[in-house]
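*Asks:* Enclosed is the structure file target.txt (compact mmCIF, C-alpha atoms).
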# COMPACT_ATOMS: atom_id res chain seq x y z
CA MET A 1 0.00 0.00 0.00
CA SER A 2 1.45 3.38 -1.00
CA GLN A 3 2.03 6.09 1.57
CA SER A 4 -0.74 8.25 0.12
CA SER A 5 -3.21 5.33 0.21
CA LEU A 6 -2.15 4.55 3.76
CA SER A 7 -2.72 8.15 4.86
CA GLU A 8 -6.08 8.21 3.10
CA LYS A 9 -7.23 5.02 4.84
CA GLU A 10 -6.02 6.34 8.21
CA ASN A 11 -8.01 9.57 7.68
CA SER A 12 -11.09 7.50 6.84
CA ALA A 13 -10.62 5.47 10.04
CA VAL A 14 -10.31 8.65 12.12
CA THR A 15 -13.46 10.11 10.57
CA VAL A 16 -15.53 6.98 11.19
CA LEU A 17 -14.24 6.55 14.76
CA LYS A 18 -14.96 10.20 15.57
CA ARG A 19 -18.51 9.60 14.38
CA ALA A 20 -18.68 6.49 16.56
CA ILE A 21 -17.69 8.53 19.62
CA GLU A 22 -20.26 11.25 18.80
CA LEU A 23 -23.02 8.65 18.49
CA ASP A 24 -21.79 6.97 21.67
CA ASN A 25 -21.97 10.27 23.57
CA ASP A 26 -25.51 10.82 22.21
CA SER A 27 -26.53 7.36 23.49
CA ARG A 28 -27.21 6.16 19.95
CA PHE A 29 -25.48 2.93 20.80
CA GLN A 30 -26.68 0.74 17.93
CA ASN A 31 -25.35 3.20 15.34
CA SER A 32 -22.16 3.85 17.30
CA LEU A 33 -21.43 0.11 17.43
CA VAL A 34 -21.61 -0.13 13.64
CA CYS A 35 -19.22 2.83 13.30
CA TYR A 36 -16.81 1.36 15.86
CA GLN A 37 -16.75 -1.89 13.87
CA GLU A 38 -16.09 -0.10 10.57
CA GLY A 39 -13.46 2.19 12.09
CA ILE A 40 -11.64 -0.66 13.83
CA ASP A 41 -11.53 -2.63 10.59
CA LEU A 42 -10.02 0.35 8.75
CA LEU A 43 -7.46 0.89 11.52
CA LEU A 44 -6.52 -2.80 11.40
CA GLN A 45 -5.76 -2.43 7.70
CA VAL A 46 -3.59 0.61 8.42
CA MET A 47 -1.71 -1.19 11.20
CA LYS A 48 -1.00 -4.22 9.02
CA ALA A 49 0.29 -2.05 6.16
CA THR A 50 2.57 0.22 8.19
CA THR A 51 6.25 -0.70 8.56
CA ASN A 52 6.95 1.65 11.46
CA ASP A 53 7.11 -0.38 14.70
CA THR A 54 6.33 2.64 16.89
CA LYS A 55 3.20 3.37 14.89
CA LYS A 56 2.20 -0.29 15.04
CA ILE A 57 2.28 -0.15 18.85
CA HIS A 58 0.23 3.06 18.79
CA TYR A 59 -2.38 1.58 16.43
CA ARG A 60 -2.55 -1.65 18.44
CA GLN A 61 -3.34 0.26 21.62
CA LYS A 62 -5.96 2.40 19.91
CA ILE A 63 -7.62 -0.67 18.41
CA ALA A 64 -7.67 -2.41 21.79
CA ASN A 65 -9.32 0.62 23.41
CA TYR A 66 -11.98 0.91 20.70
CA MET A 67 -12.65 -2.84 20.83
CA ASP A 68 -13.10 -2.69 24.59
CA ARG A 69 -15.64 0.12 24.24
CA ALA A 70 -17.44 -1.64 21.39
CA GLU A 71 -17.72 -4.80 23.47
CA GLU A 72 -19.11 -2.80 26.41
CA ILE A 73 -21.76 -1.30 24.10
CA LYS A 74 -22.63 -4.71 22.68
CA LYS A 75 -23.13 -6.17 26.18
CA HIS A 76 -25.24 -3.16 27.16
CA LEU A 77 -27.41 -3.50 24.05
CA ASP A 78 -27.80 -7.25 24.55
CA LYS A 79 -28.97 -6.68 28.11
CA LEU A 80 -31.51 -4.04 27.01
CA LYS A 81 -32.82 -6.33 24.27
CA GLU A 82 -33.03 -9.28 26.62
CA ASP A 83 -35.05 -7.19 29.08
CA GLY A 84 -37.19 -5.74 26.27
CA LYS A 85 -36.08 -2.22 27.17
CA TYR A 86 -34.21 -1.13 24.06
CA HIS A 87 -35.64 2.01 22.52
CA GLU A 88 -34.07 4.70 20.38
CA GLN A 89 -35.31 7.92 18.82
CA ILE A 90 -33.68 9.61 15.86
CA LYS A 91 -34.80 13.10 14.89
CA ILE A 92 -34.21 14.13 11.30
CA PRO A 93 -34.10 17.95 11.06
CA GLU A 94 -35.66 19.90 8.21
CA ASP A 95 -33.35 20.04 5.14
CA ALA A 96 -30.91 17.61 6.76
CA THR A 97 -28.75 15.34 4.61
CA GLY A 98 -27.02 12.07 5.37
CA PHE A 99 -30.17 10.11 6.25
CA SER A 100 -30.36 7.75 3.29
CA TYR A 101 -32.08 4.41 3.74
CA GLU A 102 -28.66 2.74 4.02
CA LYS A 103 -27.64 5.03 6.88
CA LEU A 104 -30.95 4.72 8.69
CA PHE A 105 -31.62 0.99 8.36
CA LYS A 106 -28.16 -0.60 8.05
CA PRO A 107 -27.52 -0.85 11.83
CA TYR A 108 -30.60 -3.06 12.14
CA LEU A 109 -30.00 -5.36 9.17
CA ASP A 110 -27.97 -8.53 9.50
CA GLN A 111 -27.64 -11.97 7.95
CA PHE A 112 -30.68 -13.16 9.90
CA VAL A 113 -33.10 -10.87 8.05
CA THR A 114 -35.04 -12.85 5.44
CA GLU A 115 -38.48 -11.24 5.73
CA VAL A 116 -39.59 -7.61 5.86
CA TRP A 117 -42.98 -6.01 6.52
CA VAL A 118 -43.70 -2.44 5.32
CA GLU A 119 -46.88 -0.70 6.41
CA ASP A 120 -47.21 2.69 4.75
CA PRO A 121 -50.50 4.19 3.50
CA TYR A 122 -48.75 6.46 1.01
CA ILE A 123 -47.01 4.32 -1.59
CA ARG A 124 -49.11 5.92 -4.33
CA HIS A 125 -47.52 8.74 -6.26
CA VAL A 126 -44.52 8.46 -8.55
CA HIS A 127 -41.96 9.73 -6.05
CA GLN A 128 -43.36 7.46 -3.32
CA LEU A 129 -43.11 4.45 -5.61
CA TYR A 130 -39.51 5.39 -6.38
CA ASN A 131 -38.82 5.59 -2.64
CA PHE A 132 -40.24 2.13 -2.08
CA LEU A 133 -38.08 0.83 -4.91
CA ARG A 134 -35.01 2.43 -3.32
CA PHE A 135 -35.88 0.73 -0.04
CA CYS A 136 -36.10 -2.63 -1.81
CA GLU A 137 -32.77 -2.00 -3.54
CA MET A 138 -31.19 -1.24 -0.17
CA LEU A 139 -32.39 -4.62 1.13
CA LEU A 140 -30.88 -6.42 -1.87
CA LYS A 141 -27.43 -4.97 -1.16
CA GLY A 142 -27.04 -7.01 2.04
CA PRO A 143 -25.88 -8.05 4.54
CA CYS A 144 -29.40 -9.45 4.85
CA LYS A 145 -30.72 -12.23 2.62
CA VAL A 146 -34.28 -11.11 2.09
CA LYS A 147 -36.66 -13.57 0.46
CA ASN A 148 -40.04 -12.02 1.25
CA ILE A 149 -41.23 -8.41 1.40
CA HIS A 150 -44.79 -7.65 2.53
CA LEU A 151 -46.25 -4.26 1.62
CA LEU A 152 -49.50 -3.01 3.15
CA THR A 153 -50.62 0.31 1.69
CA SER A 154 -53.80 2.11 0.62
CA LEU A 155 -55.22 2.38 -2.86
CA ASP A 156 -55.02 5.68 -4.73
CA ASN A 157 -58.68 6.51 -5.35
CA ASN A 158 -57.96 9.89 -6.94
CA GLY A 159 -57.43 8.70 -10.47
CA GLY A 160 -54.00 7.16 -9.94
CA ASN A 161 -55.05 3.62 -9.07
CA SER A 162 -54.02 2.21 -12.43
CA GLN A 163 -50.56 3.81 -12.27
CA GLN A 164 -50.05 2.68 -8.68
CA SER A 165 -51.02 -0.92 -9.48
CA SER A 166 -48.93 -1.16 -12.66
CA SER A 167 -45.89 0.38 -10.95
CA LEU A 168 -46.07 -2.01 -7.99
CA ASP A 169 -46.47 -4.92 -10.41
CA GLU A 170 -43.28 -3.78 -12.21
CA ILE A 171 -41.41 -3.70 -8.91
CA LYS A 172 -42.81 -7.12 -8.00
CA GLN A 173 -41.63 -8.62 -11.29
CA SER A 174 -38.21 -6.99 -10.94
CA LEU A 175 -37.78 -8.41 -7.42
CA GLN A 176 -38.64 -11.88 -8.66
CA GLY A 177 -35.51 -11.71 -10.79
CA TYR A 178 -33.53 -11.43 -7.55
CA GLY A 179 -35.34 -14.33 -5.89
CA VAL A 180 -37.48 -12.04 -3.73
CA THR A 181 -41.26 -12.32 -3.40
CA LEU A 182 -43.25 -9.10 -2.97
CA GLU A 183 -46.67 -9.61 -1.38
CA LEU A 184 -49.05 -6.70 -1.94
CA ASN A 185 -52.03 -5.96 0.30
CA HIS A 186 -54.30 -2.92 0.59
CA SER A 187 -56.24 -1.38 3.44
CA SER A 188 -58.54 1.65 3.48
CA SER A 189 -58.05 2.12 7.24
CA ILE A 190 -54.25 1.96 7.49
CA HIS A 191 -52.74 5.07 9.09
CA ASP A 192 -49.58 4.17 11.01
CA ARG A 193 -46.26 3.74 9.23
CA GLU A 194 -44.09 0.87 10.41
CA ILE A 195 -41.26 -1.31 9.12
CA ARG A 196 -40.47 -4.67 10.74
CA PHE A 197 -37.60 -7.08 10.18
CA ASN A 198 -37.84 -10.72 11.22
CA ASN A 199 -34.75 -10.37 13.40
CA GLY A 200 -36.96 -8.47 15.84
CA TRP A 201 -36.27 -4.83 14.93
CA MET A 202 -39.23 -2.48 14.42
CA ILE A 203 -38.92 1.06 13.07
CA LYS A 204 -41.63 3.72 13.00
CA ILE A 205 -40.96 6.81 10.91
CA GLY A 206 -43.36 9.74 11.18
CA ARG A 207 -43.41 10.26 7.41
CA GLY A 208 -42.83 6.61 6.52
CA LEU A 209 -40.48 6.16 3.55
CA ASP A 210 -41.56 9.54 2.15
CA TYR A 211 -39.15 11.79 4.07
CA PHE A 212 -37.04 12.86 1.08
CA LYS A 213 -37.45 16.15 -0.72
CA LYS A 214 -36.98 16.38 -4.46
CA THR A 215 -33.33 16.52 -5.43
CA GLN A 216 -31.78 18.39 -8.32
CA VAL A 217 -30.70 15.09 -9.88
CA LEU A 218 -34.08 13.35 -9.72
CA ASN A 219 -36.39 16.36 -9.89
CA CYS A 220 -36.96 15.80 -13.62
CA HIS A 221 -38.20 12.27 -12.92
CA TRP A 222 -40.71 13.14 -10.19
CA GLU A 223 -44.17 14.51 -10.73
CA ARG A 224 -46.99 14.02 -8.28
CA GLY A 225 -49.99 12.16 -9.64
CA LYS A 226 -48.63 11.10 -13.05
CA PRO A 227 -45.48 9.58 -14.52
CA HIS A 228 -43.10 11.88 -16.32
CA PRO A 229 -42.78 11.10 -20.04
CA HIS A 230 -39.07 10.40 -19.51
CA HIS A 231 -39.31 8.65 -16.14
CA ILE A 232 -36.70 6.05 -15.28
CA SER A 233 -37.81 2.44 -15.50
CA ARG A 234 -38.98 1.15 -12.12
CA SER A 235 -36.69 -1.88 -11.99
CA CYS A 236 -34.17 -2.78 -9.29
CA GLY A 237 -30.57 -1.80 -9.91
CA GLN A 238 -31.26 1.42 -11.84
CA LEU A 239 -31.68 3.94 -9.02
CA SER A 240 -29.20 5.46 -6.61
CA LEU A 241 -29.49 8.36 -4.20
CA ARG A 242 -26.89 10.94 -5.16
CA SER A 243 -28.32 13.70 -2.99
CA VAL A 244 -30.67 13.26 -0.08
CA VAL A 245 -32.44 16.27 1.43
CA CYS A 246 -35.03 15.46 4.08
CA PHE A 247 -38.24 16.72 5.58
CA ALA A 248 -38.26 16.93 9.37
CA THR A 249 -39.45 13.68 10.92
CA GLU A 250 -38.80 11.36 13.85
CA CYS A 251 -37.85 7.68 13.89
CA LYS A 252 -38.66 5.38 16.80
CA ILE A 253 -36.74 2.12 16.96
CA TRP A 254 -37.11 -0.84 19.27
CA THR A 255 -36.84 -4.62 19.33
CA ASN A 256 -39.27 -7.22 20.58
CA VAL A 257 -36.97 -10.24 20.72
CA PHE A 258 -33.47 -10.96 21.93
CA ILE A 259 -31.12 -12.03 19.17
CA SER A 260 -27.84 -12.99 20.75
CA ASN A 261 -26.03 -13.31 17.42
CA SER A 262 -27.55 -10.32 15.62
CA ILE A 263 -24.66 -8.01 16.17
CA SER A 264 -21.34 -9.57 17.00
CA ILE A 265 -17.86 -8.25 16.79
CA ILE A 266 -15.55 -10.81 15.24
CA LEU A 267 -12.26 -9.06 14.77
CA ARG A 268 -8.96 -10.89 14.79
CA ILE A 269 -5.80 -8.87 15.09
CA SER A 270 -2.91 -10.45 13.28
CA ILE A 271 0.31 -8.71 14.04
Please re-express this file's structure in structure tokens.
*Replies:*
Amino acid sequence: MSQSSLSEKENSAVTVLKRAIELDNDSRFQNSLVCYQEGIDLLLQVMKATTNDTKKIHYRQKIANYMDRAEEIKKHLDKLKEDGKYHEQIKIPEDATGFSYEKLFKPYLDQFVTEVWVEDPYIRHVHQLYNFLRFCEMLLKGPCKVKNIHLLTSLDNNGGNSQQSSSLDEIKQSLQGYGVTLELNHSSSIHDREIRFNNGWMIKIGRGLDYFKKTQVLNCHWERGKPHPHHISRSCGQLSLRSVVCFATECKIWTNVFISNSISIILRISI
């Protein structure tokens, strides 16, 4: 590894670990644990690549300290989950960025997730359908191995029913190509917005999946109530969030079962 690449990786490790400490101090332990894991892994790569013995000792001590803290957090989270007391709130400020689906949901996805339930009354308009597709794409990226997605939403009775149905059918067919079954159900009385994973995590978002504002990149593809003549095809693998600007909303996260293996730190230091 070149010196410039080594310095770049070290800077990345510092950035991620600083974020881990910030989240830790804010009692956002689940998110901080993920950042500690990522930062430790980056620092391990730096330590292995460096030829300076003094720096190796310094990195080794830093890694040991971060691992000790990460293990403390893991034990604390496990105890809360076991007692059924884990609860977290995340407030997304108006016009905030950095709250993509990957950032929001990744800490709660693991290899045990094979089934997902989405309850959201507003998967109707073009931009909302795109958001649901983005959520599905995020699930396909792993680490989970999703096989079934259940969507409960309401029908668009304002002239957009045909578009809503055809769009969801397109997404369903696209998911089948990835070995994922999308089950569609409708309810006229649904109001609450909730996402559940079969590893026990439940997430309620005030605005559901529709907390993004239009971005400059995708603005030309979004029109409420009707598809744009040049809209992108609604098939998995074709969308990515390049810029995410959010409406203000609040996320409530909790778990209803104890999964001892959901989040584990398996890091081996080879010196």
*Asks:* Out of A:Lys55, A:Lys75, A:Lys145, A:Lys91, which residue has the shortest atom-to-atom distance to Phe197 in chain A when counting all atoms listed in the file?
*Replies:*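 Nearest to Phe197 in chain A: A:Lys145.
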*Asks:* By how many Å are CA of Ile149 in chain A and CA of Val116 in chain A apart?
*Replies:*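 These two atoms are separated by 4.8 Å.
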*Asks:* Can you list, as a tab-separated table (two decimals) with C-alpha atoms, in the frame of the given file, every protein, DNA or RNA residue that comes within 9 Å of Leu33 in chain A when you count only C-alpha atoms, leaving out same-chain residues fewer than 5 positions away?
*Replies:*
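Produced file around_11.tsv, reproduced below:
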chain	number	residue	atom	x	y	z
A	20	ALA	CA	-18.68	6.49	16.56
A	23	LEU	CA	-23.02	8.65	18.49
A	24	ASP	CA	-21.79	6.97	21.67
A	28	ARG	CA	-27.21	6.16	19.95
A	38	GLU	CA	-16.09	-0.10	10.57
A	69	ARG	CA	-15.64	0.12	24.24
A	70	ALA	CA	-17.44	-1.64	21.39
A	71	GLU	CA	-17.72	-4.80	23.47
A	73	ILE	CA	-21.76	-1.30	24.10
A	74	LYS	CA	-22.63	-4.71	22.68
A	107	PRO	CA	-27.52	-0.85	11.83
A	263	ILE	CA	-24.66	-8.01	16.17
*Asks:* Which value, in Å to one decimal, gives the distance between CA of Leu152 in chain A and CA of Asp120 in chain A?
*Replies:*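 These two atoms are separated by 6.3 Å.
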*Asks:* Grab the CA of Leu175 in chain A to CA of Ser162 in chain A distance for me, in Å with one decimal place.
*Replies:* 20.0 Å
*Asks:* Any idea what's packed within 10 Å of Glu183 in chain A, counting all atoms listed in the file, ignoring anything in its chain fewer than 4 positions away? Could you give it as a PDB file with C-alpha atoms, keeping the file's coordinate frame?
*Replies:*
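Final output, result-v2.pdb:
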ATOM      1  CA  TRP A 117     -42.980  -6.010   6.520  1.00  0.00           C
ATOM      2  CA  ASN A 148     -40.040 -12.020   1.250  1.00  0.00           C
ATOM      3  CA  ILE A 149     -41.230  -8.410   1.400  1.00  0.00           C
ATOM      4  CA  HIS A 150     -44.790  -7.650   2.530  1.00  0.00           C
ATOM      5  CA  LEU A 151     -46.250  -4.260   1.620  1.00  0.00           C
ATOM      6  CA  LEU A 152     -49.500  -3.010   3.150  1.00  0.00           C
ATOM      7  CA  LYS A 172     -42.810  -7.120  -8.000  1.00  0.00           C
TER       8      LYS A 172
END
*Asks:* Once you count only C-alpha atoms, which residues end up no further than 12 Å from (-41.9, 16.2, 7.5) in the file's frame, shown as a list in words?
*Replies:* Lys91, Ile92, Pro93, Glu94, Asp95, Ala96, Ile205, Gly206, Arg207, Gly208, Leu209, Asp210, Tyr211, Phe212, Lys213, Val245, Cys246, Phe247, Ala248, Thr249, Glu250 and Cys251 of chain A
*Asks:* Determine, counting all atoms listed in the file, every residue of protein, DNA or RNA that lies within 10 Å of (-30.5, -7.9, -2.1) in the file coordinates, then give the result as a PyMOL selection string.
*Replies:* chain A and resi 136-147+175+178-180+236-237
*Asks:* Rank A:Lys106, A:Met202, A:Ser27, A:Gln45 by their smallest atom-to-atom distance to Ser5 in chain A, using all atoms listed in the file, and report the top residue only.
*Replies:*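 Distance minimum relative to Ser5 in chain A lands on A:Gln45.
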*Asks:* So, with only C-alpha atoms as the atoms that count, which of A:Lys48, A:Lys62, A:Lys103, A:Lys79 lies closest to Cys35 in chain A?
*Replies:*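 Going through A:Lys48, A:Lys62, A:Lys103, A:Lys79 one by one, the smallest distance to Cys35 in chain A is for A:Lys103.
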*Asks:* Around all of range 115-127 of chain A's listed atoms, make the axis-aligned box with 8 Å on each side and tell me centre and edge lengths in Å to one decimal, as lines of an AutoDock Vina configuration file.
*Replies:*
center_x = -44.5
center_y = -0.8
center_z = -1.0
size_x = 28.0
size_y = 37.0
size_z = 31.1
*Asks:* Closest to Ser189 in chain A among A:Ser154, A:Gln164, A:Gln176, A:Gln37, using only C-alpha atoms?
*Replies:*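 Closest to Ser189 in chain A, using only C-alpha atoms: A:Ser154.
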*Asks:* Rank nothing, just name the residue among A:Gln111, A:Thr181, A:His186, A:Ile90 nearest to Arg124 in chain A, using only C-alpha atoms.
*Replies:*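 Residue with the minimum atom-to-atom distance to Arg124 in chain A: A:His186.
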*Asks:* With distances taken over all atoms listed in the file, which of A:Glu194, A:Met1, A:Glu10, A:Val126 is nearest to Gln163 in chain A?
*Replies:*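 When distances to Gln163 in chain A are compared using all atoms listed in the file, the smallest one comes from A:Val126.
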